[in-house]
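S.K.: What follows is model.cif, mmCIF, C-alpha atoms and all ligand atoms.
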```
data_upload
#
loop_
_atom_site.label_atom_id
_atom_site.label_comp_id
_atom_site.auth_asym_id
_atom_site.auth_seq_id
_atom_site.Cartn_x
_atom_site.Cartn_y
_atom_site.Cartn_z
CA GLN A 1 15.95 21.22 -3.36
CA ARG A 2 16.48 19.34 -0.12
CA GLN A 3 16.09 22.58 1.79
CA GLU A 4 12.99 23.41 -0.18
CA TYR A 5 11.46 20.03 0.81
CA ALA A 6 12.46 20.54 4.44
CA ARG A 7 10.61 23.86 4.38
CA LEU A 8 7.55 22.04 3.04
CA ARG A 9 7.58 19.63 5.95
CA ASP A 10 5.32 21.66 8.19
CA LEU A 11 3.07 23.03 5.46
CA PRO A 12 -0.25 21.27 4.88
CA ALA A 13 -0.46 18.57 2.22
CA ALA A 14 -3.27 20.20 0.31
CA THR A 15 -3.75 21.13 -3.31
CA ARG A 16 -3.80 24.80 -4.30
CA ASP A 17 -7.56 24.62 -4.60
CA GLY A 18 -7.90 23.18 -1.13
CA THR A 19 -8.18 19.39 -1.31
CA ALA A 20 -6.42 17.71 1.60
CA VAL A 21 -4.22 14.74 0.72
CA SER A 22 -2.77 12.24 3.14
CA LEU A 23 0.90 11.53 2.44
CA ARG A 24 2.33 8.45 4.12
CA ILE A 25 5.56 6.54 3.99
CA ASN A 26 6.36 2.95 3.12
CA ALA A 27 8.59 1.39 5.77
CA GLY A 28 10.19 -1.89 6.69
CA LEU A 29 13.05 -1.21 9.05
CA MET A 30 12.95 0.58 12.36
CA ILE A 31 15.07 3.45 11.03
CA ASP A 32 12.52 4.15 8.31
CA LEU A 33 10.26 5.44 11.05
CA ASN A 34 12.60 8.41 11.60
CA HIS A 35 11.33 9.71 8.29
CA LEU A 36 7.89 10.35 9.76
CA GLU A 37 9.41 13.32 11.55
CA SER A 38 11.79 14.41 8.81
CA THR A 39 9.16 14.38 6.05
CA GLY A 40 6.07 15.40 8.00
CA ALA A 41 4.22 12.32 6.71
CA ASP A 42 1.01 11.55 8.57
CA GLY A 43 1.47 7.81 8.89
CA VAL A 44 2.90 4.60 7.51
CA GLY A 45 0.72 3.49 4.61
CA LEU A 46 2.64 0.27 4.10
CA TYR A 47 4.75 -1.45 6.71
CA ARG A 48 6.39 -4.42 5.00
CA THR A 49 6.64 -6.94 7.85
CA GLU A 50 8.83 -9.27 5.83
CA ILE A 51 11.79 -6.88 5.98
CA PRO A 52 12.76 -7.66 9.60
CA PHE A 53 12.29 -11.36 8.75
CA MET A 54 14.67 -11.07 5.81
CA VAL A 55 17.54 -9.69 7.86
CA ARG A 56 17.35 -12.53 10.40
CA SER A 57 18.76 -16.03 10.16
CA THR A 58 15.90 -17.76 11.99
CA PHE A 59 12.16 -17.25 12.11
CA PRO A 60 11.34 -14.63 14.78
CA ASP A 61 9.04 -16.05 17.45
CA VAL A 62 5.87 -14.35 18.67
CA GLU A 63 7.68 -12.49 21.41
CA GLU A 64 10.32 -11.11 19.09
CA GLN A 65 7.71 -10.13 16.51
CA THR A 66 5.63 -8.45 19.20
CA SER A 67 8.57 -6.36 20.26
CA ILE A 68 9.33 -5.32 16.66
CA TYR A 69 5.73 -4.25 15.99
CA ALA A 70 5.37 -2.52 19.36
CA ARG A 71 8.49 -0.47 18.68
CA ILE A 72 7.10 0.52 15.29
CA LEU A 73 3.84 1.68 16.88
CA ASP A 74 5.79 3.53 19.58
CA ALA A 75 7.83 5.31 16.93
CA ALA A 76 4.70 6.20 14.95
CA ALA A 77 3.43 7.94 18.07
CA GLY A 78 -0.27 7.67 17.31
CA ARG A 79 0.00 8.05 13.54
CA PRO A 80 -1.66 5.19 11.64
CA VAL A 81 0.50 2.23 10.56
CA ALA A 82 -0.82 -0.30 8.03
CA PHE A 83 0.89 -3.57 8.88
CA ARG A 84 1.03 -5.84 5.88
CA THR A 85 1.31 -9.49 6.80
CA LEU A 86 4.25 -11.47 5.45
CA ASP A 87 4.75 -11.07 1.73
CA VAL A 88 7.46 -13.64 1.17
CA GLY A 89 7.98 -15.88 -1.80
CA GLY A 90 8.34 -14.29 -5.20
CA ASP A 91 11.46 -12.15 -5.08
CA LYS A 92 11.61 -12.14 -1.28
CA VAL A 93 13.15 -15.36 -0.08
CA LEU A 94 13.38 -16.44 3.54
CA PRO A 95 16.14 -19.05 3.73
CA TYR A 96 14.62 -20.66 6.82
CA VAL A 97 11.07 -21.09 5.47
CA GLY A 98 12.08 -23.73 2.97
CA ALA A 99 12.83 -23.78 -0.70
CA PHE A 100 10.76 -21.85 -3.17
CA ASP A 101 11.25 -23.63 -6.43
CA ASP A 102 8.29 -22.18 -8.29
CA GLU A 103 8.88 -21.59 -11.96
CA ASN A 104 7.00 -18.29 -11.80
CA PRO A 105 7.70 -17.09 -8.28
CA ALA A 106 5.75 -13.82 -8.64
CA MET A 107 2.65 -15.84 -9.47
CA GLY A 108 3.51 -18.76 -7.27
CA TRP A 109 3.38 -19.72 -3.65
CA ARG A 110 3.79 -16.36 -1.99
CA ALA A 111 2.28 -13.89 0.46
CA ILE A 112 -1.24 -14.72 1.69
CA ARG A 113 -1.12 -18.04 -0.18
CA ILE A 114 1.65 -19.19 2.15
CA GLY A 115 -0.12 -17.62 5.11
CA LEU A 116 -3.32 -19.57 4.46
CA ASP A 117 -1.46 -22.82 3.74
CA ARG A 118 0.63 -22.37 6.90
CA PRO A 119 -2.01 -20.86 9.18
CA ALA A 120 0.07 -21.42 12.31
CA MET A 121 2.71 -19.08 10.89
CA LEU A 122 0.18 -16.40 9.96
CA ARG A 123 -1.59 -16.75 13.29
CA ARG A 124 1.65 -16.21 15.17
CA GLN A 125 2.17 -13.00 13.25
CA LEU A 126 -1.40 -11.83 13.89
CA ARG A 127 -1.03 -12.76 17.58
CA ALA A 128 2.08 -10.60 17.74
CA LEU A 129 0.32 -7.69 16.03
CA VAL A 130 -2.63 -7.87 18.44
CA ALA A 131 -0.29 -8.05 21.42
CA ALA A 132 1.90 -5.21 20.14
CA ALA A 133 -1.08 -2.93 19.64
CA GLY A 134 -2.51 -3.48 23.12
CA ALA A 135 -5.20 -0.81 23.47
CA ARG A 136 -3.95 1.16 20.46
CA PRO A 137 -5.74 1.09 17.10
CA LEU A 138 -4.53 -1.69 14.82
CA GLN A 139 -4.52 -1.70 11.03
CA VAL A 140 -3.76 -4.99 9.26
CA MET A 141 -3.67 -5.72 5.55
CA PHE A 142 -3.21 -8.90 3.57
CA PRO A 143 -1.02 -9.06 0.43
CA MET A 144 -1.70 -10.76 -2.92
CA VAL A 145 -5.31 -11.58 -2.23
CA ALA A 146 -6.93 -12.92 -5.42
CA GLU A 147 -10.36 -13.93 -4.12
CA VAL A 148 -12.82 -12.63 -1.54
CA ALA A 149 -12.70 -16.04 0.12
CA GLU A 150 -9.00 -15.61 0.84
CA PHE A 151 -9.65 -12.31 2.54
CA ARG A 152 -12.39 -13.94 4.61
CA ALA A 153 -10.15 -16.81 5.61
CA ALA A 154 -7.32 -14.48 6.63
CA SER A 155 -9.66 -12.17 8.56
CA HIS A 156 -11.06 -15.21 10.32
CA LEU A 157 -7.58 -16.05 11.59
CA LEU A 158 -7.28 -12.50 12.89
CA ALA A 159 -10.67 -12.83 14.63
CA LEU A 160 -9.45 -16.04 16.27
CA GLU A 161 -6.39 -14.25 17.59
CA LEU A 162 -8.46 -11.39 18.95
CA HIS A 163 -10.74 -13.87 20.64
CA ARG A 164 -7.75 -15.67 22.09
CA ALA A 165 -6.28 -12.45 23.44
CA LYS A 166 -9.60 -11.45 25.03
CA ALA A 167 -10.08 -14.88 26.55
CA ARG A 168 -6.72 -14.47 28.22
CA GLY A 169 -7.75 -11.14 29.62
CA ALA A 170 -5.43 -9.12 27.43
CA ILE A 171 -6.23 -5.58 26.40
CA THR A 172 -7.23 -5.57 22.74
CA PRO A 173 -7.14 -2.79 20.15
CA ALA A 174 -9.65 0.02 20.56
CA ARG A 175 -10.11 0.11 16.82
CA LEU A 176 -9.36 -2.66 14.38
CA SER A 177 -9.15 -1.95 10.69
CA VAL A 178 -8.72 -4.86 8.30
CA GLY A 179 -7.98 -4.42 4.64
CA LEU A 180 -6.02 -5.75 1.74
CA MET A 181 -3.58 -4.91 -0.97
CA LEU A 182 -5.25 -4.82 -4.34
CA GLU A 183 -2.50 -6.24 -6.54
CA VAL A 184 -4.15 -9.10 -8.39
CA PRO A 185 -6.45 -8.04 -11.26
CA SER A 186 -9.07 -10.72 -10.47
CA LEU A 187 -10.11 -8.66 -7.43
CA ILE A 188 -11.26 -5.82 -9.66
CA TRP A 189 -14.25 -7.92 -10.68
CA GLN A 190 -15.05 -8.90 -7.12
CA LEU A 191 -15.19 -5.41 -5.71
CA GLU A 192 -18.91 -5.44 -5.10
CA ALA A 193 -18.66 -8.29 -2.64
CA LEU A 194 -15.24 -7.34 -1.39
CA LEU A 195 -16.12 -3.78 -0.47
CA THR A 196 -18.85 -4.90 1.91
CA GLU A 197 -16.21 -6.78 3.92
CA VAL A 198 -13.03 -4.69 3.97
CA ASP A 199 -12.30 -1.57 5.98
CA PHE A 200 -9.83 -0.25 3.43
CA VAL A 201 -8.10 -1.03 0.15
CA SER A 202 -4.50 -0.23 -0.64
CA ILE A 203 -3.59 -0.49 -4.30
CA GLY A 204 -0.19 -2.09 -4.84
CA THR A 205 0.50 -0.79 -8.30
CA ASN A 206 3.89 -2.53 -8.59
CA ASP A 207 2.29 -5.94 -8.64
CA LEU A 208 -1.02 -4.82 -10.13
CA MET A 209 0.69 -3.37 -13.23
CA GLN A 210 2.96 -6.39 -13.53
CA PHE A 211 -0.09 -8.66 -13.63
CA LEU A 212 -2.30 -6.40 -15.74
CA PHE A 213 0.32 -6.19 -18.48
CA ALA A 214 1.90 -9.60 -17.83
CA ALA A 215 5.30 -7.91 -17.61
CA ASP A 216 7.80 -8.83 -14.91
CA ARG A 217 8.28 -5.77 -12.69
CA GLY A 218 11.95 -6.60 -12.22
CA ASN A 219 12.84 -7.18 -15.85
CA PRO A 220 14.10 -4.00 -17.57
CA ARG A 221 13.64 -5.61 -21.00
CA VAL A 222 9.89 -5.62 -20.60
CA GLY A 223 9.62 -2.67 -18.21
CA SER A 224 9.26 -0.14 -20.99
CA ARG A 225 6.87 -2.22 -23.04
CA TYR A 226 3.92 -0.66 -21.29
CA ASP A 227 3.23 2.51 -19.37
CA SER A 228 1.33 2.73 -16.12
CA LEU A 229 -0.08 6.00 -17.51
CA SER A 230 -1.80 4.18 -20.38
CA PRO A 231 -5.56 4.63 -20.69
CA ALA A 232 -5.99 0.91 -19.98
CA ALA A 233 -4.13 1.08 -16.67
CA LEU A 234 -5.80 4.31 -15.66
CA ARG A 235 -9.29 3.07 -16.49
CA ALA A 236 -8.67 0.05 -14.28
CA LEU A 237 -7.50 2.31 -11.46
CA ARG A 238 -10.42 4.68 -11.97
CA PHE A 239 -12.85 1.79 -11.66
CA VAL A 240 -11.30 0.71 -8.38
CA VAL A 241 -11.24 4.23 -6.94
CA ASP A 242 -14.82 4.99 -8.03
CA SER A 243 -16.06 1.69 -6.61
CA CYS A 244 -14.36 2.34 -3.26
CA ASP A 245 -15.76 5.88 -3.15
CA LYS A 246 -19.26 4.64 -3.84
CA ALA A 247 -18.97 2.02 -1.14
CA GLY A 248 -17.45 4.51 1.30
CA VAL A 249 -14.28 2.44 1.66
CA GLU A 250 -10.98 4.22 2.11
CA VAL A 251 -8.63 3.67 -0.82
CA SER A 252 -4.95 4.46 -1.07
CA VAL A 253 -2.05 3.71 -3.39
CA CYS A 254 1.20 2.36 -1.95
CA GLY A 255 3.06 1.21 -5.06
CA GLU A 256 5.95 3.14 -6.60
CA MET A 257 3.48 5.13 -8.73
CA ALA A 258 2.46 7.07 -5.62
CA GLY A 259 5.97 8.46 -5.22
CA ARG A 260 6.55 9.72 -8.75
CA PRO A 261 5.17 13.24 -9.18
CA ILE A 262 3.56 12.76 -12.60
CA GLU A 263 2.00 9.46 -11.55
CA ALA A 264 0.95 10.91 -8.19
CA LEU A 265 -0.65 13.83 -10.02
CA THR A 266 -2.58 11.37 -12.16
CA LEU A 267 -3.69 9.35 -9.13
CA LEU A 268 -5.02 12.52 -7.49
CA GLY A 269 -6.87 13.27 -10.71
CA LEU A 270 -8.47 9.83 -10.51
CA GLY A 271 -9.70 10.61 -7.01
CA VAL A 272 -7.07 8.98 -4.79
CA ARG A 273 -6.58 11.02 -1.61
CA THR A 274 -4.03 8.88 0.26
CA LEU A 275 -0.60 8.17 -1.19
CA SER A 276 2.10 6.09 0.48
CA MET A 277 5.63 6.17 -0.85
CA SER A 278 9.28 5.76 -0.03
CA PRO A 279 10.28 8.62 2.27
CA GLY A 280 12.65 10.18 -0.25
CA SER A 281 9.79 10.85 -2.64
CA LEU A 282 7.55 12.72 -0.27
CA GLY A 283 9.02 16.19 -0.75
CA ALA A 284 8.66 16.17 -4.51
CA VAL A 285 5.10 14.86 -4.37
CA LYS A 286 4.09 17.42 -1.76
CA SER A 287 5.63 20.22 -3.75
CA MET A 288 3.72 19.05 -6.83
CA LEU A 289 0.34 18.81 -5.16
CA ARG A 290 0.61 22.17 -3.40
CA SER A 291 0.84 23.84 -6.78
CA LEU A 292 -2.02 21.83 -8.28
CA ASP A 293 -5.45 23.07 -9.24
CA LEU A 294 -7.01 19.64 -8.80
CA VAL A 295 -10.54 20.35 -9.99
CA HIS A 296 -9.21 21.66 -13.27
CA PHE A 297 -6.75 18.80 -13.73
CA ALA A 298 -9.31 16.12 -12.86
CA ALA A 299 -11.64 17.43 -15.58
CA TYR A 300 -8.77 17.43 -18.07
CA LEU A 301 -7.74 13.89 -17.12
CA ARG A 302 -11.31 12.66 -17.46
CA SER A 303 -11.38 14.00 -21.01
CA LEU A 304 -8.30 11.92 -21.84
CA LEU A 305 -9.27 8.60 -20.31
CA ASP A 306 -11.39 7.32 -23.15
CA GLY A 307 -8.60 7.79 -25.66
CA SER A 308 -6.76 4.99 -27.37
CA GLU A 309 -3.21 6.31 -27.34
CA ARG A 310 -0.52 4.11 -25.92
CA SER A 311 0.20 6.45 -23.03
CA LEU A 312 -1.12 9.71 -21.62
CA ARG A 313 2.26 10.57 -20.13
CA ASP A 314 3.21 13.25 -22.66
CA LYS A 315 -0.10 15.04 -22.33
CA ILE A 316 -0.05 14.94 -18.54
CA MET A 317 3.56 16.14 -18.47
CA LEU A 318 2.73 19.00 -20.80
CA TYR A 319 -0.19 19.96 -18.61
CA ALA A 320 2.05 19.96 -15.55
CA ARG A 321 4.71 22.03 -17.30
CA ASP A 322 2.31 24.58 -18.74
CA ARG A 323 0.58 25.11 -15.42
CA GLY A 324 3.70 25.07 -13.29
CA VAL A 325 2.60 22.00 -11.33
C1 LIG A 401 3.10 -3.30 -4.71
O1 LIG A 401 3.03 -4.42 -5.20
O2 LIG A 401 2.77 -2.26 -5.33
C2 LIG A 401 3.58 -3.10 -3.33
C3 LIG A 401 3.52 -1.92 -2.75
O3 LIG A 401 4.08 -4.17 -2.66
P1 LIG A 401 5.57 -4.72 -2.91
O4 LIG A 401 6.30 -3.69 -3.71
O5 LIG A 401 6.14 -4.94 -1.54
O6 LIG A 401 5.30 -5.98 -3.66
MG MG A 402 3.23 -6.20 -3.99
#
```
Step by step, read the file and then write its structure as structure tokens.
Ligand code: PEP
Ligand code: MG
M.R.:
Amino acid sequence: QRQEYARLRDLPAATRDGTAVSLRINAGLMIDLNHLESTGADGVGLYRTEIPFMVRSTFPDVEEQTSIYARILDAAAGRPVAFRTLDVGGDKVLPYVGAFDDENPAMGWRAIRIGLDRPAMLRRQLRALVAAAGARPLQVMFPMVAEVAEFRAASHLLALELHRAKARGAITPARLSVGLMLEVPSLIWQLEALLTEVDFVSIGTNDLMQFLFAADRGNPRVGSRYDSLSPAALRALRFVVDSCDKAGVEVSVCGEMAGRPIEALTLLGLGVRTLSMSPGSLGAVKSMLRSLDLVHFAAYLRSLLDGSERSLRDKIMLYARDRGV
């Protein structure tokens, strides 16, 4: 199978009936970038900046951060990289940032909430990203945003850093793309306002599903209580994707769903055209989509979405099996 996926590397990521799909990898460490070549992915859809922070014993300063991000951009060699600002707190603890004693860490002081409460820390990271990009395009996204105002506040900090860099005569990115991770359900009902302000949306289904179903993503006891292929989950995703399409805003999925063939199939059926996943999943997803008649499947999926069954998984799996997807 490995050989089969290697053979796929240079073949286009397009469905059998001709829809192009962008397949990207999720990365965190420098070595992850090697997988761009080995998988034939066309970019990094999620670069988790907290990973290099987690393997250090002190907070990296601006210079050190700049060098990390610059090396990532060098390794990506012109392919897009979506840098997600620090997503610490929750299950990702930085020993040197202080104690996190929240009772519900996943819903506590984490990610952009820390960034906005400690703007100097977030600004240093944004300064490093701007410096690392130089003249190259820069793509930044903010995690765990729950309100449009938070996105505005975080983007404002980025604007300040750009201004600062320009005032110092530095070369600034040719293209700047600012977006967010959609992982908190409250954002779904703010899309109208949100989509006039963001350049792109990346759906973090790991957190989004955890919050939609109020089921801890790390707790196996509740993990099987719901299915991300339930009509409820898929209708929520469909609404997000349709809203982004209407507003002309690029939408992608970077949660684990994107890397599981049956889930990826379903996401394509909902209209998602950019999937970002762990590198090891890319071959299987590409193999799936190259055998897919997407127009036919999308019509079938649409006919299922109004149902009230607990999960559509069996039906979608049967479809895939019967049609050799
Ligand atoms: C997600 O929540 O789906 C996601 C991609 O982010 P993380 O897994 O890093 O929380
Ligand atoms: Mg997340």
S.K.: Using only C-alpha atoms, which residues sit within 6 Å of Thr15 of chain A once same-chain residues fewer than 5 positions away are excluded, as a list in words?
M.R.: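 These residues fall inside the cut-off: Leu289, Arg290 and Leu292 of chain A.
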S.K.: Extract, using only C-alpha atoms, all DNA, RNA and protein residues at most 10 Å from segment 295-299 of chain A, discarding same-chain residues fewer than 3 positions from it, and format them as a list in words.
M.R.: Thr15, Arg16, Asp17, Gly18, Thr19, Leu265, Thr266, Leu267, Leu268, Gly269, Leu270, Gly271, Leu292, Arg302, Ser303, Leu304, Ile316, Tyr319, Ala320 and Arg323 of chain A
S.K.: May I have the residues within 10 Å of Val55 of chain A as a PyMOL selection string, using all atoms listed in the file and disregarding those fewer than 3 positions away in the same chain?
M.R.: chain A and resi 29+50-52+58+94
S.K.: Could you make a table, as a tab-separated table, of the residues of segment 144-216 of chain A that have an atom within 8 Å of an atom of segment 115-119 of chain A, each with its nearest atom pair and distance in Å to one decimal, counting only C-alpha atoms, in chain and number order?
M.R.:
```
residue	atom	partner	partner_atom	distance
A:Glu150	CA	A:Leu116	CA	7.8
A:Ala153	CA	A:Leu116	CA	7.5
A:Ala154	CA	A:Leu116	CA	6.8
A:Leu157	CA	A:Pro119	CA	7.7
```
S.K.: Which polymer residues, whether protein, DNA or RNA, lie within 10 Å of the coordinate (-9.7, -10.0, -10.1) when you count all atoms listed in the file? List them as an MDAnalysis selection string, using the chain letters and numbers from the file.
M.R.: chainID A and resid 145:148 182:191 212
S.K.: Selection from above, C-alpha atoms, as an mmCIF file, keeping the file's coordinate frame, can you write it?
M.R.:
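Okay, this is what ended up in again.cif:
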```cif
data_model
loop_
_atom_site.group_PDB
_atom_site.id
_atom_site.type_symbol
_atom_site.label_atom_id
_atom_site.label_comp_id
_atom_site.auth_asym_id
_atom_site.auth_seq_id
_atom_site.Cartn_x
_atom_site.Cartn_y
_atom_site.Cartn_z
ATOM 1 C CA VAL A 145 -5.310 -11.580 -2.230
ATOM 2 C CA ALA A 146 -6.930 -12.920 -5.420
ATOM 3 C CA GLU A 147 -10.360 -13.930 -4.120
ATOM 4 C CA VAL A 148 -12.820 -12.630 -1.540
ATOM 5 C CA LEU A 182 -5.250 -4.820 -4.340
ATOM 6 C CA GLU A 183 -2.500 -6.240 -6.540
ATOM 7 C CA VAL A 184 -4.150 -9.100 -8.390
ATOM 8 C CA PRO A 185 -6.450 -8.040 -11.260
ATOM 9 C CA SER A 186 -9.070 -10.720 -10.470
ATOM 10 C CA LEU A 187 -10.110 -8.660 -7.430
ATOM 11 C CA ILE A 188 -11.260 -5.820 -9.660
ATOM 12 C CA TRP A 189 -14.250 -7.920 -10.680
ATOM 13 C CA GLN A 190 -15.050 -8.900 -7.120
ATOM 14 C CA LEU A 191 -15.190 -5.410 -5.710
ATOM 15 C CA LEU A 212 -2.300 -6.400 -15.740
#
```
S.K.: Add whatever atoms are absent from segment 291-310 of chain A to reach N, CA and C atoms, and provide the output as a PDB file, in the coordinates of the input.
M.R.:
```
ATOM      1  N   SER A 291       0.974  22.879  -5.687  1.00  0.00           N
ATOM      2  CA  SER A 291       0.840  23.840  -6.780  1.00  0.00           C
ATOM      3  C   SER A 291      -0.284  23.431  -7.752  1.00  0.00           C
ATOM      4  N   LEU A 292      -1.038  22.418  -7.362  1.00  0.00           N
ATOM      5  CA  LEU A 292      -2.020  21.830  -8.280  1.00  0.00           C
ATOM      6  C   LEU A 292      -3.439  22.391  -8.100  1.00  0.00           C
ATOM      7  N   ASP A 293      -4.032  22.728  -9.230  1.00  0.00           N
ATOM      8  CA  ASP A 293      -5.450  23.070  -9.240  1.00  0.00           C
ATOM      9  C   ASP A 293      -6.183  21.769  -9.611  1.00  0.00           C
ATOM     10  N   LEU A 294      -6.554  21.014  -8.587  1.00  0.00           N
ATOM     11  CA  LEU A 294      -7.010  19.640  -8.800  1.00  0.00           C
ATOM     12  C   LEU A 294      -8.313  19.534  -9.575  1.00  0.00           C
ATOM     13  N   VAL A 295      -9.249  20.424  -9.299  1.00  0.00           N
ATOM     14  CA  VAL A 295     -10.540  20.350  -9.990  1.00  0.00           C
ATOM     15  C   VAL A 295     -10.332  20.488 -11.503  1.00  0.00           C
ATOM     16  N   HIS A 296      -9.485  21.439 -11.860  1.00  0.00           N
ATOM     17  CA  HIS A 296      -9.210  21.660 -13.270  1.00  0.00           C
ATOM     18  C   HIS A 296      -8.505  20.457 -13.886  1.00  0.00           C
ATOM     19  N   PHE A 297      -7.502  19.939 -13.190  1.00  0.00           N
ATOM     20  CA  PHE A 297      -6.750  18.800 -13.730  1.00  0.00           C
ATOM     21  C   PHE A 297      -7.634  17.555 -13.849  1.00  0.00           C
ATOM     22  N   ALA A 298      -8.471  17.317 -12.842  1.00  0.00           N
ATOM     23  CA  ALA A 298      -9.310  16.120 -12.860  1.00  0.00           C
ATOM     24  C   ALA A 298     -10.235  16.136 -14.072  1.00  0.00           C
ATOM     25  N   ALA A 299     -10.759  17.315 -14.402  1.00  0.00           N
ATOM     26  CA  ALA A 299     -11.640  17.430 -15.580  1.00  0.00           C
ATOM     27  C   ALA A 299     -10.840  17.141 -16.851  1.00  0.00           C
ATOM     28  N   TYR A 300      -9.619  17.668 -16.902  1.00  0.00           N
ATOM     29  CA  TYR A 300      -8.770  17.430 -18.070  1.00  0.00           C
ATOM     30  C   TYR A 300      -8.463  15.931 -18.206  1.00  0.00           C
ATOM     31  N   LEU A 301      -8.089  15.313 -17.088  1.00  0.00           N
ATOM     32  CA  LEU A 301      -7.740  13.890 -17.120  1.00  0.00           C
ATOM     33  C   LEU A 301      -8.926  13.049 -17.590  1.00  0.00           C
ATOM     34  N   ARG A 302     -10.100  13.397 -17.073  1.00  0.00           N
ATOM     35  CA  ARG A 302     -11.310  12.660 -17.460  1.00  0.00           C
ATOM     36  C   ARG A 302     -11.495  12.713 -18.978  1.00  0.00           C
ATOM     37  N   SER A 303     -11.188  13.861 -19.562  1.00  0.00           N
ATOM     38  CA  SER A 303     -11.380  14.000 -21.010  1.00  0.00           C
ATOM     39  C   SER A 303     -10.387  13.148 -21.799  1.00  0.00           C
ATOM     40  N   LEU A 304      -9.320  12.712 -21.141  1.00  0.00           N
ATOM     41  CA  LEU A 304      -8.300  11.920 -21.840  1.00  0.00           C
ATOM     42  C   LEU A 304      -8.528  10.419 -21.731  1.00  0.00           C
ATOM     43  N   LEU A 305      -9.265  10.025 -20.678  1.00  0.00           N
ATOM     44  CA  LEU A 305      -9.270   8.600 -20.310  1.00  0.00           C
ATOM     45  C   LEU A 305      -9.895   7.664 -21.337  1.00  0.00           C
ATOM     46  N   ASP A 306     -10.768   8.208 -22.179  1.00  0.00           N
ATOM     47  CA  ASP A 306     -11.390   7.320 -23.150  1.00  0.00           C
ATOM     48  C   ASP A 306     -10.566   7.165 -24.422  1.00  0.00           C
ATOM     49  N   GLY A 307      -9.444   7.832 -24.465  1.00  0.00           N
ATOM     50  CA  GLY A 307      -8.600   7.790 -25.660  1.00  0.00           C
ATOM     51  C   GLY A 307      -7.985   6.421 -25.895  1.00  0.00           C
ATOM     52  N   SER A 308      -7.346   6.291 -27.053  1.00  0.00           N
ATOM     53  CA  SER A 308      -6.760   4.990 -27.370  1.00  0.00           C
ATOM     54  C   SER A 308      -5.252   5.097 -27.586  1.00  0.00           C
ATOM     55  N   GLU A 309      -4.660   6.240 -27.164  1.00  0.00           N
ATOM     56  CA  GLU A 309      -3.210   6.310 -27.340  1.00  0.00           C
ATOM     57  C   GLU A 309      -2.518   5.333 -26.404  1.00  0.00           C
ATOM     58  N   ARG A 310      -1.266   5.090 -26.693  1.00  0.00           N
ATOM     59  CA  ARG A 310      -0.520   4.110 -25.920  1.00  0.00           C
ATOM     60  C   ARG A 310      -0.324   4.600 -24.481  1.00  0.00           C
TER      61      ARG A 310
END
```
